[in-house]
Amino acid sequence: MAQAVFLGMFCLCRVWLLLLFVLPLHVYSQSNYYEPEPKIFDGGLILGANFSQVDGDTYFGYHKVGVQLGGTVYVHFTKVFGASLELLYSQKGSRGESVKESPAIGTYVSKYFMNVNYAEVPLTVHAIIHTIDVEAGISYGLLVRSNEWVQTDQPVVIDPDKNRFNSSDIDYIIGIGRRVYKKLFANVRYQYSAASIRPPERIPAGFGYNNDGQFNNLFNFRLMYYF
């Protein structure tokens, strides 16, 4: 788990450095930088995408793309420190493909699909370093929908009760963000499950390898508009 978190932090830094170079430099110049009237509370809307994988299945890569949307309330303790509380709908899961040989149909591509969708409540603390918002926190997710299936040459039975996911997910969060234009902000986050989303005894046979169970592992790329 520690190795996965370190890898996530390293990838997050690389993505953010790329974002800084791609965005127009004049947006951040002091002469054009938008400074609204200071407020204690800010409310806003969030729209973004999750790029997910599940550690503990038999596939690798952030191939599952899902929606993340909802709202946020941001409280400013000082000009530097603050905290935010969000209410989100967040689609997570896994996608996998592998080339196999079958005596019946020859070479074919086996496909695996896992969808786990949550109503999620992240709580993060923030520090403004120059114009960069650095955040860390924790998120509680309530499972609202899940499904899982396989496309292969032989029938694979996945029982919705015996192979069920846990009803909740608690994630660690780290992230960085910056104002793009006036009230519009860009934010990148990395999330990782603090506890397994499904124990090993409920993982379908042949689709797990981790004795600790399965864990959500994902990046969020989000736009936030504050009122």
# chains A, B, ... in the order shown; residues from 1 in each chain; ligands from 1
>>> select_by_dssp(residues="segment 60-109 of chain A", states="strand (DSSP E)", output="VMD selection string")
chain A and resid 64 to 76 81 to 102 106 to 109
>>> write_last_selection(atoms="C-alpha atoms", output="PDB file, in the first residue's frame")
ATOM      1  CA  LYS A  64     -11.612   2.965 -15.698  1.00  0.00           C
ATOM      2  CA  VAL A  65     -12.863   6.495 -16.450  1.00  0.00           C
ATOM      3  CA  GLY A  66     -15.760   7.812 -14.386  1.00  0.00           C
ATOM      4  CA  VAL A  67     -17.567  11.023 -13.547  1.00  0.00           C
ATOM      5  CA  GLN A  68     -17.144  13.026 -10.354  1.00  0.00           C
ATOM      6  CA  LEU A  69     -19.623  15.827  -9.704  1.00  0.00           C
ATOM      7  CA  GLY A  70     -21.173  17.667  -6.789  1.00  0.00           C
ATOM      8  CA  GLY A  71     -20.773  20.721  -4.588  1.00  0.00           C
ATOM      9  CA  THR A  72     -18.345  22.162  -2.058  1.00  0.00           C
ATOM     10  CA  VAL A  73     -18.190  24.586   0.858  1.00  0.00           C
ATOM     11  CA  TYR A  74     -14.821  26.200   1.603  1.00  0.00           C
ATOM     12  CA  VAL A  75     -14.150  28.005   4.886  1.00  0.00           C
ATOM     13  CA  HIS A  76     -11.214  30.444   5.156  1.00  0.00           C
ATOM     14  CA  PHE A  81      -5.272  28.192   5.892  1.00  0.00           C
ATOM     15  CA  GLY A  82      -8.735  26.796   5.282  1.00  0.00           C
ATOM     16  CA  ALA A  83     -10.866  23.669   5.022  1.00  0.00           C
ATOM     17  CA  SER A  84     -13.444  22.313   2.601  1.00  0.00           C
ATOM     18  CA  LEU A  85     -16.351  19.887   2.799  1.00  0.00           C
ATOM     19  CA  GLU A  86     -17.786  18.351  -0.353  1.00  0.00           C
ATOM     20  CA  LEU A  87     -20.739  16.199  -1.364  1.00  0.00           C
ATOM     21  CA  LEU A  88     -19.980  14.193  -4.516  1.00  0.00           C
ATOM     22  CA  TYR A  89     -21.187  11.432  -6.779  1.00  0.00           C
ATOM     23  CA  SER A  90     -18.059   9.509  -7.739  1.00  0.00           C
ATOM     24  CA  GLN A  91     -17.637   6.607 -10.179  1.00  0.00           C
ATOM     25  CA  LYS A  92     -14.727   4.267  -9.437  1.00  0.00           C
ATOM     26  CA  GLY A  93     -13.729   0.754 -10.457  1.00  0.00           C
ATOM     27  CA  SER A  94     -11.518  -1.213 -12.811  1.00  0.00           C
ATOM     28  CA  ARG A  95     -11.127  -2.238 -16.465  1.00  0.00           C
ATOM     29  CA  GLY A  96      -8.936  -4.992 -17.801  1.00  0.00           C
ATOM     30  CA  GLU A  97      -8.123  -6.855 -21.014  1.00  0.00           C
ATOM     31  CA  SER A  98      -5.920  -9.845 -21.741  1.00  0.00           C
ATOM     32  CA  VAL A  99      -5.223 -11.873 -24.889  1.00  0.00           C
ATOM     33  CA  LYS A 100      -5.925 -15.588 -24.414  1.00  0.00           C
ATOM     34  CA  GLU A 101      -6.069 -18.800 -26.399  1.00  0.00           C
ATOM     35  CA  SER A 102      -9.186 -20.952 -26.504  1.00  0.00           C
ATOM     36  CA  GLY A 106      -8.739 -19.610 -30.909  1.00  0.00           C
ATOM     37  CA  THR A 107      -7.125 -16.305 -29.932  1.00  0.00           C
ATOM     38  CA  TYR A 108      -9.498 -13.857 -28.268  1.00  0.00           C
ATOM     39  CA  VAL A 109      -9.527 -10.866 -25.898  1.00  0.00           C
TER      40      VAL A 109
END
>>> residues_around(residues="Gly141 of chain A", least_positions_apart="6", cutoff="10 Å", atoms="only C-alpha atoms", output="PyMOL selection string")
chain A and resi 87-90+117-122+167-171
>>> closest_residue(among="A:Asn211, A:Ser146, A:Asn166, A:Gln191", to="Phe51 of chain A", atoms="only C-alpha atoms")
A:Gln191
>>> closest_residue(among="A:Val125, A:Asp153, A:Ile132, A:Val180", to="Ala104 of chain A", atoms="only C-alpha atoms")
A:Asp153
>>> select_by_dssp(residues="segment 25-152 of chain A", states="helix (DSSP H, G or I)", output="JSON, numbers by chain")
{"A": [25, 26, 27, 28]}
>>> residues_around(residues="Ile173 of chain A", least_positions_apart="2", cutoff="8 Å", atoms="only C-alpha atoms", output="list in words")
Thr124, Glu135, Ala136, Gly137, Ile138, Ser139, Asp171, Gly175, Arg189, Tyr190, Gln191 and Tyr192 of chain A
>>> closest_atom_pairs(of="segment 135-187 of chain A", to="segment 218-222 of chain A", cutoff="12 Å", atoms="only C-alpha atoms", output="tab-separated table")
residue	atom	partner	partner_atom	distance
A:Asp171	CA	A:Leu218	CA	10.1
A:Tyr172	CA	A:Leu218	CA	10.7
A:Ile173	CA	A:Phe219	CA	9.8
A:Ile174	CA	A:Phe219	CA	9.9
A:Gly175	CA	A:Asn220	CA	8.9
A:Ile176	CA	A:Phe221	CA	10.3
A:Gly177	CA	A:Arg222	CA	9.2
A:Arg178	CA	A:Arg222	CA	11.0
A:Arg179	CA	A:Arg222	CA	11.9
A:Val180	CA	A:Arg222	CA	11.7
A:Leu184	CA	A:Arg222	CA	10.5
A:Phe185	CA	A:Arg222	CA	8.3
A:Ala186	CA	A:Arg222	CA	5.9
A:Asn187	CA	A:Arg222	CA	5.1
>>> closest_residue(among="A:Phe60, A:Ser52, A:Thr78, A:Phe207", to="Lys39 of chain A", atoms="only C-alpha atoms")
A:Thr78
>>> closest_residue(among="A:Val150, A:Leu123, A:Ile158, A:Met224", to="Gly44 of chain A", atoms="only C-alpha atoms")
A:Met224
>>> closest_residue(among="A:Lys79, A:Arg202, A:Lys183, A:His126", to="Lys162 of chain A", atoms="only C-alpha atoms")
A:Arg202
>>> closest_residue(among="A:Val188, A:Gly48, A:Phe215, A:Gly56", to="Val134 of chain A", atoms="only C-alpha atoms")
A:Val188
